[in-house]
Amino acid sequence: MEPDQFIGRREAFAAIAARCTAAEAQQLRTLRDQKLYLSSSRSWKQFCRERLHISRSNADRLIALLDEFGPAYFAIAQFTRISPEIYRELAPALQQGPEPLALIPENARRIAAAADAVRDRHKLSKPVPTPIERLAAIVRRMRQIESDFLALRDIDDPEDRSQMRRTFEAVQIAVHRIGRQLK
């Protein structure tokens, strides 16, 4: 296969994948909003985990992206990795000018370049956090780690408990190592 053939196929797959992801988000929204999951699960969280094999937060994230941006977000996400923050700024830019930039594989390079330009502007305009802000962020992450461990305290499976202890010990070792280096 020639490189151009491969690229053409990849672009076609990306276009199909974008439509599929948007359609999946629409189906998830219907399942959740109409509570159709209750016929086979006690909760949306359980349904996502046991029937869809994804986390509830991931399902809710896909629905939120669809609700805020519509299917176009998923099309652009197939051309370039893009955060919602960057998309908010990029989407209007793609529609400006004499002709809006169509979300088709042939425009993938232009879309990716536009996304890169927005990312670069964000990097330049983002203030560097102060040491106090960085420390506050560390405290927030440590509290989240504490919460995550405490949420697992009722694990009954011996193998899972053993893995949890090993993970906790690895965290303790890392914290002690940091403490020694700060002295």
# chains A, B, ... in the order shown; residues from 1 in each chain; ligands from 1

$ residues_around --residues "Met164 of chain A" --least-positions-apart "2" --cutoff "12 Å" --atoms "only C-alpha atoms" --output "list in words"
Asp148, Phe149, Leu150, Ala151, Leu152, Arg153, Asp154, Ile155, Asp156, Asp157, Pro158, Glu159, Asp160, Arg161, Ser162, Arg166, Thr167, Phe168, Glu169, Ala170 and Val171 of chain A

$ residues_around --residues "Val118 of chain A" --least-positions-apart "3" --cutoff "12 Å" --atoms "only C-alpha atoms" --output "PyMOL selection string"
chain A and resi 82-94+111-115+121-125

$ residues_around --residues "Asn107 of chain A" --least-positions-apart "6" --cutoff "12 Å" --atoms "only C-alpha atoms" --output "list of chain:residue names"
A:Glu11, A:Ala15, A:Ala75, A:Ile76, A:Gln78, A:Phe79, A:Thr80, A:Leu94, A:Pro100, A:Leu101, A:Ala113, A:Ala114

$ atom_distance --atom1 "atom CA of Leu66 of chain A" --atom2 "atom CA of Ala25 of chain A"
6.5 Å

$ atom_distance --atom1 "atom CA of Arg19 of chain A" --atom2 "atom CA of Ala108 of chain A"
15.4 Å

$ select_by_dssp --residues "segment 5-180 of chain A" --states "alpha helix (DSSP H)" --output "ChimeraX atom specification"
/A:5-33,44-47,56-69,71-79,84-95,108-125,131-151,158-180

$ atom_distance --atom1 "atom CA of Lys183 of chain A" --atom2 "atom CA of Arg140 of chain A"
22.7 Å
